[in-house]
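A.B. asks: Sharing upload-v4.cif, mmCIF, C-alpha atoms and all ligand atoms:
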```cif
data_work
#
loop_
_atom_site.label_atom_id
_atom_site.label_comp_id
_atom_site.auth_asym_id
_atom_site.auth_seq_id
_atom_site.Cartn_x
_atom_site.Cartn_y
_atom_site.Cartn_z
CA MET A 1 0.00 0.00 0.00
CA SER A 2 1.34 3.47 -0.82
CA PRO A 3 2.03 5.74 2.18
CA VAL A 4 -0.35 8.56 3.18
CA PRO A 5 0.48 11.54 0.93
CA LEU A 6 2.22 14.54 2.46
CA SER A 7 -0.21 17.36 3.23
CA PRO A 8 -0.08 20.67 1.33
CA ALA A 9 1.54 22.25 4.44
CA GLU A 10 4.25 19.56 4.42
CA LEU A 11 4.79 20.08 0.69
CA ARG A 12 5.07 23.83 1.23
CA ALA A 13 7.90 23.25 3.67
CA LEU A 14 9.82 21.33 0.96
CA VAL A 15 9.88 24.28 -1.48
CA ARG A 16 13.20 26.15 -1.41
CA THR A 17 13.00 29.94 -1.57
CA VAL A 18 15.94 31.62 -3.29
CA PRO A 19 15.96 35.42 -2.90
CA ASP A 20 16.81 37.72 -5.81
CA PHE A 21 16.70 35.06 -8.56
CA PRO A 22 16.62 35.52 -11.53
CA GLU A 23 16.66 39.23 -10.67
CA PRO A 24 16.62 41.47 -7.58
CA GLY A 25 13.30 41.50 -5.73
CA ILE A 26 12.08 38.09 -6.97
CA GLN A 27 11.70 35.30 -4.41
CA PHE A 28 12.25 32.22 -6.57
CA ARG A 29 10.11 29.30 -5.33
CA ASP A 30 12.26 26.35 -6.31
CA ILE A 31 10.52 22.97 -6.62
CA THR A 32 13.83 21.09 -7.07
CA THR A 33 13.86 20.33 -3.34
CA LEU A 34 10.18 19.29 -3.38
CA ILE A 35 10.61 16.73 -6.16
CA GLY A 36 13.94 15.57 -4.66
CA HIS A 37 12.11 14.38 -1.54
CA PRO A 38 11.10 10.70 -1.81
CA ARG A 39 7.41 11.53 -1.35
CA GLY A 40 7.31 15.11 -2.66
CA LEU A 41 6.44 14.44 -6.30
CA ALA A 42 4.14 11.49 -5.56
CA SER A 43 2.21 13.49 -2.96
CA SER A 44 1.87 16.53 -5.25
CA MET A 45 0.68 14.22 -8.01
CA HIS A 46 -1.84 12.61 -5.68
CA HIS A 47 -3.48 15.94 -4.76
CA LEU A 48 -3.40 17.31 -8.32
CA ALA A 49 -4.82 14.05 -9.73
CA ASP A 50 -7.77 14.26 -7.30
CA MET A 51 -8.51 17.74 -8.65
CA ALA A 52 -8.15 16.65 -12.30
CA ARG A 53 -10.47 13.70 -11.66
CA LEU A 54 -13.13 16.05 -10.26
CA ALA A 55 -12.71 18.23 -13.35
CA GLN A 56 -13.31 15.14 -15.53
CA ALA A 57 -10.19 15.87 -17.54
CA GLN A 58 -9.75 13.69 -20.63
CA LYS A 59 -6.15 14.81 -21.12
CA ILE A 60 -3.54 16.82 -19.23
CA ALA A 61 -1.54 19.65 -20.82
CA GLY A 62 1.72 20.75 -19.20
CA MET A 63 4.02 23.63 -20.04
CA GLU A 64 7.73 23.22 -20.67
CA ALA A 65 9.64 22.55 -18.51
CA ARG A 66 8.38 22.14 -14.94
CA GLY A 67 4.79 21.57 -16.06
CA PHE A 68 6.06 18.39 -17.76
CA ILE A 69 7.14 16.92 -14.42
CA PHE A 70 3.86 17.40 -12.57
CA GLY A 71 1.56 17.15 -15.60
CA ALA A 72 3.01 13.90 -16.90
CA ALA A 73 2.80 12.36 -13.42
CA VAL A 74 -0.89 13.32 -13.13
CA ALA A 75 -1.62 11.89 -16.60
CA VAL A 76 0.01 8.58 -15.62
CA GLN A 77 -1.96 8.47 -12.36
CA LEU A 78 -5.28 9.02 -14.20
CA GLY A 79 -4.42 6.78 -17.15
CA ILE A 80 -5.00 9.59 -19.68
CA GLY A 81 -2.84 11.26 -22.33
CA PHE A 82 -0.42 14.14 -21.91
CA VAL A 83 -0.05 17.15 -24.25
CA PRO A 84 3.31 18.93 -24.08
CA VAL A 85 3.09 22.69 -24.60
CA ARG A 86 6.51 23.54 -25.99
CA LYS A 87 8.90 26.43 -26.30
CA PRO A 88 9.37 27.56 -29.93
CA GLY A 89 11.19 25.39 -32.45
CA LYS A 90 11.20 22.15 -30.45
CA LEU A 91 8.58 20.09 -32.29
CA PRO A 92 9.59 18.38 -35.57
CA ILE A 93 6.22 19.03 -37.30
CA ASP A 94 4.01 21.96 -38.36
CA THR A 95 2.78 23.47 -35.09
CA ILE A 96 0.19 25.95 -33.97
CA GLY A 97 1.40 28.70 -31.64
CA VAL A 98 0.51 31.80 -29.65
CA GLU A 99 2.62 34.83 -28.80
CA TYR A 100 2.28 36.35 -25.37
CA ALA A 101 3.67 39.41 -23.63
CA LEU A 102 6.45 39.25 -21.05
CA GLU A 103 7.59 42.14 -18.87
CA TYR A 104 10.20 42.84 -21.56
CA GLY A 105 9.30 41.60 -25.05
CA THR A 106 7.27 38.55 -26.07
CA ASP A 107 7.49 34.79 -25.95
CA ARG A 108 5.76 31.99 -27.85
CA LEU A 109 4.28 28.59 -27.02
CA GLU A 110 3.68 25.84 -29.58
CA MET A 111 1.92 22.49 -29.76
CA ASP A 112 1.05 19.68 -32.16
CA PRO A 113 -2.36 20.67 -33.62
CA GLY A 114 -3.31 16.97 -33.62
CA GLY A 115 -2.59 16.70 -29.90
CA VAL A 116 -6.24 17.21 -28.90
CA ALA A 117 -9.53 16.13 -30.45
CA ASP A 118 -12.31 18.66 -31.07
CA GLY A 119 -14.28 19.14 -27.85
CA GLU A 120 -11.82 17.19 -25.69
CA ARG A 121 -11.67 18.46 -22.07
CA ILE A 122 -8.11 19.35 -21.09
CA ALA A 123 -6.82 20.31 -17.63
CA ILE A 124 -3.67 22.42 -17.50
CA VAL A 125 -0.99 21.54 -14.93
CA ASP A 126 2.05 23.66 -14.04
CA ASP A 127 4.33 24.10 -11.05
CA LEU A 128 3.46 27.73 -10.31
CA ILE A 129 1.11 30.54 -11.32
CA ALA A 130 2.44 34.08 -10.97
CA THR A 131 0.92 36.68 -13.33
CA GLY A 132 -0.94 33.96 -15.23
CA GLY A 133 0.53 35.04 -18.58
CA THR A 134 1.91 31.60 -19.43
CA ALA A 135 -1.26 29.81 -18.39
CA LEU A 136 -3.51 32.23 -20.30
CA ALA A 137 -1.43 31.72 -23.46
CA THR A 138 -1.73 27.95 -22.95
CA VAL A 139 -5.52 28.23 -22.62
CA GLU A 140 -5.65 30.25 -25.85
CA LEU A 141 -3.45 27.70 -27.65
CA LEU A 142 -5.44 24.66 -26.53
CA ARG A 143 -8.74 26.35 -27.40
CA LYS A 144 -7.33 27.19 -30.84
CA ALA A 145 -6.67 23.45 -31.23
CA GLY A 146 -10.35 22.73 -30.42
CA ALA A 147 -10.09 21.75 -26.74
CA ILE A 148 -12.44 22.66 -23.90
CA VAL A 149 -10.24 24.24 -21.22
CA ASP A 150 -12.01 25.13 -17.99
CA GLN A 151 -9.61 23.87 -15.33
CA ALA A 152 -6.02 24.73 -14.40
CA LEU A 153 -4.08 23.13 -11.56
CA PHE A 154 -0.89 24.43 -9.96
CA VAL A 155 1.28 23.30 -7.10
CA ILE A 156 2.08 26.90 -6.08
CA ASP A 157 0.06 30.13 -6.29
CA LEU A 158 1.51 33.61 -5.81
CA PRO A 159 -1.85 35.32 -5.12
CA ASP A 160 -0.35 38.82 -4.91
CA LEU A 161 0.33 38.62 -8.67
CA ASN A 162 -3.35 37.93 -9.41
CA GLY A 163 -2.81 35.24 -12.07
CA ALA A 164 -5.55 32.96 -10.77
CA ASN A 165 -8.12 35.77 -11.04
CA ARG A 166 -7.04 36.51 -14.62
CA LEU A 167 -7.60 32.86 -15.49
CA ARG A 168 -11.01 32.86 -13.81
CA GLU A 169 -11.98 35.87 -15.94
CA ALA A 170 -11.10 33.73 -18.98
CA GLY A 171 -13.54 31.05 -17.82
CA VAL A 172 -10.97 28.75 -16.23
CA GLU A 173 -11.39 27.41 -12.71
CA VAL A 174 -8.12 27.46 -10.80
CA ARG A 175 -7.05 25.09 -8.03
CA THR A 176 -3.73 25.27 -6.22
CA LEU A 177 -2.06 23.33 -3.43
CA ILE A 178 0.02 25.95 -1.65
CA GLU A 179 0.49 29.72 -1.57
CA PHE A 180 3.36 32.12 -0.97
CA GLU A 181 3.07 35.86 -0.40
CA GLY A 182 4.95 38.30 -2.62
CA GLU A 183 6.53 37.95 -6.04
P1 LIG A 201 3.47 33.64 -15.07
O1 LIG A 201 3.35 33.50 -16.57
O2 LIG A 201 3.80 35.03 -14.65
O3 LIG A 201 2.27 33.07 -14.34
O4 LIG A 201 4.74 32.80 -14.64
C1 LIG A 201 4.63 31.45 -14.63
C2 LIG A 201 5.93 30.71 -14.89
O5 LIG A 201 7.10 31.40 -14.47
C3 LIG A 201 5.78 29.45 -14.09
O6 LIG A 201 5.79 28.38 -15.02
C4 LIG A 201 6.95 29.43 -13.15
O7 LIG A 201 7.69 28.28 -13.41
C5 LIG A 201 7.76 30.71 -13.43
N1 LIG A 201 7.82 31.61 -12.26
C6 LIG A 201 7.29 32.86 -12.18
N2 LIG A 201 7.53 33.44 -10.98
C7 LIG A 201 8.22 32.52 -10.26
C8 LIG A 201 8.75 32.50 -8.93
N3 LIG A 201 8.64 33.54 -8.08
N4 LIG A 201 9.39 31.38 -8.52
C9 LIG A 201 9.52 30.32 -9.35
N5 LIG A 201 9.04 30.28 -10.62
C10 LIG A 201 8.40 31.36 -11.08
#
```
If you took the structure in this file and wrote it as structure tokens, what would it be?

C.D. replies:
Amino acid sequence: MSPVPLSPAELRALVRTVPDFPEPGIQFRDITTLIGHPRGLASSMHHLADMARLAQAQKIAGMEARGFIFGAAVAVQLGIGFVPVRKPGKLPIDTIGVEYALEYGTDRLEMDPGGVADGERIAIVDDLIATGGTALATVELLRKAGAIVDQALFVIDLPDLNGANRLREAGVEVRTLIEFEGE
């Protein structure tokens, strides 16, 4: 029998905070220490999979790179497929993509247009939501591919940056395991 999963409070204590990375003023919430713990990834997966089950997800989409770790684990747990949302130029086929604004400049996300069927219900999984820019671009991309996207799951929320509310305004319900104040 698998052990009782760690609680969200226990998972929170496994996240390493690195001040002033990648730039001054940012408190980087590093999940390396969480997934390095023998039960950290399995317990995160357990809680996220419960949420994805409730959302009746037919597939999981995860964003490169840390979304792959948690998203793929949840997909395995539920016995459903995984859609990788990639950084530009990584996929060896014709892709669909969306551009989105960063603080300085723009970035782009791409996926295989055949990765979802029309009307398929996809839940997004990532390690952390900050401003919500990455997740909103992912919602737009998956919807462009024909998916229904009304659920997004994150290990960590930074509520001061308001990303979860931006997603809710786009019709996406947001569930998170743990929160940290600040940026
Ligand atoms: P955003 O698009 O602003 O919601 O940023 C989300 C992405 O940036 C997530 O996939 C995180 O991996 C990363 N990120 C943003 N802020 C932080 C932070 N303070 N600590 C760790 N990762 C962060």

A.B. asks: Which of these, A:Asp150, A:Glu110, A:Glu10, A:Glu103, has the shortest distance to Val174 (chain A) once you count all atoms listed in the file?

C.D. replies: A:Asp150

A.B. asks: Using only C-alpha atoms, which residue out of A:Arg108, A:Arg168, A:His37, A:Arg86 lies closest to Ala61 (chain A)?

C.D. replies: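 Ranking A:Arg108, A:Arg168, A:His37, A:Arg86 by distance to Ala61 (chain A), first place goes to A:Arg86.
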
A.B. asks: Compute the set of protein, DNA and RNA residues whose minimum atom distance to ligand LIG 201 (chain A) is at most 7 Å, using all atoms listed in the file, and state it as JSON, numbers by chain.

C.D. replies: {"A": [26, 27, 28, 29, 30, 66, 67, 126, 127, 128, 129, 130, 131, 132, 133, 134, 135, 163, 183]}

A.B. asks: Rank nothing, just name the residue among A:Ile80, A:Leu14, A:Ile124, A:Leu102 nearest to Glu64 (chain A), using only C-alpha atoms.

C.D. replies: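 Residue with the minimum atom-to-atom distance to Glu64 (chain A): A:Ile124.
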
A.B. asks: Tell me which protein, DNA and RNA residues are within 12 Å of Ala9 (chain A), counting all atoms listed in the file, leaving out same-chain ones fewer than 4 positions away, and put them as a PDB file with C-alpha atoms, in the coordinates of the input.

C.D. replies:
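Writing done, so here's out05.pdb:
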```pdb
ATOM      1  CA  PRO A   5       0.480  11.540   0.930  1.00  0.00           C
ATOM      2  CA  ALA A  13       7.900  23.250   3.670  1.00  0.00           C
ATOM      3  CA  LEU A  14       9.820  21.330   0.960  1.00  0.00           C
ATOM      4  CA  VAL A  15       9.880  24.280  -1.480  1.00  0.00           C
ATOM      5  CA  GLY A  40       7.310  15.110  -2.660  1.00  0.00           C
ATOM      6  CA  SER A  43       2.210  13.490  -2.960  1.00  0.00           C
ATOM      7  CA  SER A  44       1.870  16.530  -5.250  1.00  0.00           C
ATOM      8  CA  VAL A 155       1.280  23.300  -7.100  1.00  0.00           C
ATOM      9  CA  ILE A 156       2.080  26.900  -6.080  1.00  0.00           C
ATOM     10  CA  LEU A 177      -2.060  23.330  -3.430  1.00  0.00           C
ATOM     11  CA  ILE A 178       0.020  25.950  -1.650  1.00  0.00           C
ATOM     12  CA  GLU A 179       0.490  29.720  -1.570  1.00  0.00           C
ATOM     13  CA  PHE A 180       3.360  32.120  -0.970  1.00  0.00           C
TER      14      PHE A 180
END
```

A.B. asks: Could you tell me which of A:Arg166, A:Arg143, A:Arg12, A:His47 comes closest to Gly97 (chain A) if we count all atoms listed in the file?

C.D. replies: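 Counting all atoms listed in the file, the residue closest to Gly97 (chain A) is A:Arg143.
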
A.B. asks: From the list A:Leu109, A:Leu41, A:Val116, A:Val149, which residue is nearest Ala65 (chain A) when using all atoms listed in the file?

C.D. replies: A:Leu109

A.B. asks: Using all atoms listed in the file for the distances, tell me which of A:Val85, A:Ala164, A:Ile93, A:Ala57 is nearest to Ile148 (chain A).

C.D. replies: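 Looking at the shortest contact to Ile148 (chain A), the residue is A:Ala57.
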
A.B. asks: To one decimal place in Å, what is the distance between CA of Arg175 (chain A) and CA of Tyr104 (chain A)?

C.D. replies: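 These two atoms are separated by 28.2 Å.
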
A.B. asks: Give me the residues within 8 Å of Ala49 (chain A) as a ChimeraX atom specification, counting all atoms listed in the file and dropping any in the same chain fewer than 6 places off.

C.D. replies: /A:74-75,77-78

A.B. asks: If you measure from CA of Leu141 (chain A) to CA of Asp107 (chain A), what distance in Å do you get, rounded to one decimal?

C.D. replies: 13.1 Å
